[in-house]
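J.: Take this structure first; my questions come after.
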Amino acid sequence: MSLNAGIPGGPIASKWTRHKSEIKLVNPANKRRHTIIVVGTGLAGASAAASMSELGYKVKSFCIQDSPRRAHSIAAQGGINAAKNYQNDGDSVYRLFYDTVKGGDFRAREANVYRLAELSVNIIDQCVAQGVPFAREYGGLLDNRSFGGAQVSRTFYARGQTGQQLLLGAYGALMKEVANGGVELYPRHEMLDLVVVDGHARGIVTRDLVSGVIESHAADAVVLATGGYSTVFFLSTNAKACNVTATWRAHRKGALFANPCFTQIHPTCIPVHDKYQCKLTLMSESLRNDGRIWVPKDPSDKRPPNEIPESDRNYYLEERYPAFGNLVPRDVASRAAKAQCDEGYGVGPAGRAVYLDFRDAIDRLGKAKIEARYGNLFDMYAKIVNEDPYETPMMIYPAPHYAMGGLWVDYNLMSNLPGLHVLGEANFSDHGANRLGASALMQGLADGYFIIPATIGHYIASERLDKVGTDHPEFKAAEAAAVERTRKLLAINGKRTVDYFHRELGMLMWDRCGMSRNAEGLQEALKRVPEIRDEFWNNVNVPGSAETLNQSLEKAGRVADFLEFAETMVYDALHREESCGGHFREEYQTEDHEALRDDERFCHVAAWEFQGVGAEPRLHKEALSFDEIHLVKRSYK
Amino acid sequence: MSATIDLTLKVWRQQDRSDAGHFETIEAKDISVDASFLEMLDLVNERLTLDGREPIAFDHDCREGICGMCGAMVNGQAHGPESKTTLCQLHMRHFSDGDTVVIEPWRSRAFPVLKDLVVDRSAFDRIIAAGGYVSVRTGQAPEAHSIPVPKNKADLAFDAAQCIGCGACVAACPNASAMLFVAAKVSHLSLLPQGQAERRRRARAMVAQMDREGFGNCSNHYECEAACPKGISVAHIARLNREHLFASVMEKVTG
């Protein structure tokens, strides 16, 4: 199989414009004859469904929550990047493109990233027109802030709830199309399989989570916008229902999974405090704009943080990275915190935390200003930890947060399976080995509002597909398989709960395939994952029945898929014998413990082909070429 | 390890929409005071499962207080005793050893119970579909800075736009009215220049849909504001009333 990304010719700055004017169109009168399935209603899914319906396609929109408005995009706090240069600080499309490629440690596709930067400005216009209440200055114009290691202020924000406001904008657009009759909504429906007919993605099999009914939906194209897989670690900042099932099921049907080992561990999360915990809470990294990160110089120093004088504190990020200080990219900040804790400098009851201190910022700006900037985050911290961060430094520790890897897609956001398109976090395309802050919202909306509405038409106009009904044998076979799997899960009647297995897998992945990895640990994980999987299928207890609302059954199906996916993730981490972005292989580091990339051997996308459960997946490589930006060592010193 | 408490839960159990439902008493022992309310339910469910009983169904997702998925009446209060707090952000340190905790689903004719604590809130989606948006198509938006919004208006609009659609306002209201939910969206958009063109139609259509869904009337109890995890003010209801009255009058005058 050769992977052709289908990148259009011409100079990078005009590729997208040229592509849009060259790809095929569907006649307006014909669009209504084509049905498109969109799975997921986060930023990418909701914006895609709404925009394609506006064009005249018949859209079926599916989500597992009770309402499309609850998709996990809602929890994004910090902001959304756009190269508007409203601050006159030298920003441009090119600079955003450059920062994103560099931030991704040269493992993203240049042409995709350039398009993302280009579309960023349209996103802001679109969202403002929808009434998204971005933060404004007294003059009534939009405010910006610097975010996550950027040296310009290009981040648009809505207090600490940017994801919520953007999602509610996209949700509004979606509901407008529901009212117009263009979108049929299927909330509380979970995709259990992808249906492929004659090599083309032609539909999905779903389970109605209330009635338990398993049914098929046929379409001319399928769009997955089902988010990332960070809950493979069990403890993560993702919502509890986030899962890999939709993308994994598509992978099993032939879609390649690209760079699954590229996961992002976010530096500013509330540390784990007890074993009953099932969810970690992220606090926007905008906190690093004013908070200073430190640990005591003496590991045995057990004084309360406010009693530790300046001379006994180690502001390790400021010392090591003077140009960026506390604002180094996420992967760098996370690894540095882990290193401090590994060396015994960690604070808090378990020694797995570092301080994030606002004392100096409060002295400089006053409490009121800090409250205005971060009030909701401080409240959230106080509620969970029961300490007042205005008085006592926060404790933070990294937590799994985002998946850069995902299904492989070409420039049109189509996977190697014709008809299967993948958007947002669910695809692999734009963030390389590390995503910069405030770029996830940007990518979700670029994919959904602007890219897929154009490229889906090209697919439909090029293929001229025959109609396929849900009575086709492929649908019947997929339905039967889903019913059988459900029956099997309910019949095991073992001695352990679903969460037990999820926790086991999560701890293993965090230890062996988390913030830093080595060949020995990865080999061990390759041995352990199948063991956990076998025990799951012999000893899990899934109570209740298939014909009712059954949350244990829902979880069991998702964990079963994670138990297959995890192995592929480990294979990918093992294959990539270099350190880049969020992927840190301990064997490949510089003398001062910085990531050591290997462009000779690994300047490629690793896309894996399913070969059966427990079998080593087959590797396909898409070579990455950097024509605009020279490959350089990513340094934030 | 943090301190633990023992609780007696009285939980509403209902198989499905047609089942009459009943309270079940469940002992919840050794609950860490640092656990969240939902982590307490997780633990109880783990134990129920291992005992061969069916776990308690409850909606939840982000566990950060923003998705609006979770919610239950705890001792008669929507989302429990802490103000401006969703159930997932309520911690067990607010309970005492030996407490009895009564847990019920949202109660409203417009929110039928699907199972245990899970209710159907799709009425909210239909109210939004009736007009809770600006009808702008993708791709034709003007340059963002061509629409300045005074900061005070933008801030006020934001206050209203924070609604997470959890339904606590309905559950807390003696009339099961959805006025605060509707008011939050109408207020958010009527305060912004982008929302002006459809202002009247929106207020009328959303209120009409609310009535069709079977929500009750507002009789100024203000329980909604007290229960709202985002602290959305009843002042927005006053704005909705003005918008609706004005829209209705204008309909009579201009047709």
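Residue numbers start at 1 in each chain; chains themselves are named A, B, ... in the order of the structure tokens; ligands are numbered from 1 in the order shown.
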Skip stretch 460-470 of chain A itself and residues of its chain fewer than 3 positions away, then list as a ChimeraX atom specification all residues within 10 Å of it, counting only C-alpha atoms.

T.: /A:23-27,30-31,34,195,197,200,202-205,215-221,418-419,455-457,473-476,479

J.: For chain B, list the residues within 7 Å of chain A, counting only C-alpha atoms, and write the list as a VMD selection string.

T.: chain B and resid 1 39 46 49 to 50 54 57 61 to 64 66 to 69 122 125 128 to 130 132 to 134 136 to 139 141 to 145 148 to 151 154 157 to 158 189 192 194 to 195

J.: Based on the selection just made, write C-alpha atoms of those residues as a compact mmCIF listing (two decimals), in the first residue's frame.

T.:
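Wrote out.txt, looks like this:
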```txt
# COMPACT_ATOMS: atom_id res chain seq x y z
CA MET B 1 -5.00 8.47 52.78
CA GLU B 39 -16.49 9.20 42.60
CA GLU B 46 -18.12 -1.11 41.84
CA THR B 49 -21.41 -4.96 40.63
CA LEU B 50 -19.23 -7.31 42.66
CA GLU B 54 -27.10 -3.68 39.07
CA ALA B 57 -27.30 4.57 36.29
CA ASP B 61 -18.99 12.99 31.42
CA CYS B 62 -16.41 15.76 31.79
CA ARG B 63 -16.31 15.75 35.59
CA GLU B 64 -15.09 19.32 35.45
CA ILE B 66 -18.70 22.26 32.24
CA CYS B 67 -20.43 19.63 30.06
CA GLY B 68 -23.74 19.79 31.94
CA MET B 69 -24.27 16.04 31.72
CA SER B 122 -33.91 16.55 24.72
CA ASP B 125 -32.26 20.77 22.35
CA ILE B 128 -32.48 25.75 21.05
CA ALA B 129 -33.48 24.43 17.62
CA ALA B 130 -36.46 26.78 17.73
CA GLY B 132 -31.27 29.76 19.98
CA TYR B 133 -28.63 30.82 17.45
CA VAL B 134 -27.63 33.46 14.93
CA VAL B 136 -25.23 32.73 9.83
CA ARG B 137 -24.00 30.30 7.24
CA THR B 138 -20.43 29.07 7.22
CA GLY B 139 -18.10 31.11 5.08
CA ALA B 141 -18.81 36.06 7.96
CA PRO B 142 -17.48 39.62 7.88
CA GLU B 143 -14.08 40.51 9.38
CA ALA B 144 -14.38 40.00 13.14
CA HIS B 145 -13.25 43.52 14.02
CA PRO B 148 -17.24 45.95 17.87
CA VAL B 149 -19.13 45.12 21.06
CA PRO B 150 -18.86 47.36 24.13
CA LYS B 151 -17.04 45.46 26.87
CA ALA B 154 -19.93 41.56 25.93
CA ALA B 157 -23.70 38.42 27.24
CA PHE B 158 -20.95 36.11 28.43
CA LEU B 189 -27.91 36.85 21.81
CA LEU B 192 -24.98 41.33 21.01
CA GLN B 194 -25.00 39.86 15.86
CA GLY B 195 -28.26 38.72 17.42
```

J.: Find the distance between atom CA of A:Leu631 and atom CA of A:Thr100 and write it in Å to one decimal.

T.: 13.2 Å

J.: Can you work out which one of A:Leu407, A:Ala480, A:Met515, A:Ile532 has the shortest atom-to-atom distance to A:Phe610, counting only C-alpha atoms?

T.: A:Leu407

J.: Atom CA of A:Ala482 to atom CA of A:Thr263: how many Å, to one decimal?

T.: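 Atom-to-atom, atom CA of A:Ala482 to atom CA of A:Thr263, that is 29.2 Å.
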
J.: For atom CA of B:Cys163 and atom CA of A:Ala440, determine how far apart the two atoms are, in Å to one decimal place.

T.: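 Separation between atom CA of B:Cys163 and atom CA of A:Ala440: 22.8 Å.
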
J.: Restricting the calculation to only C-alpha atoms: of B:Thr86, B:Gln14, B:Ser2, B:Ser248, which residue gets closest to B:Phe37?

T.: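 Distance minimum relative to B:Phe37 lands on B:Thr86.
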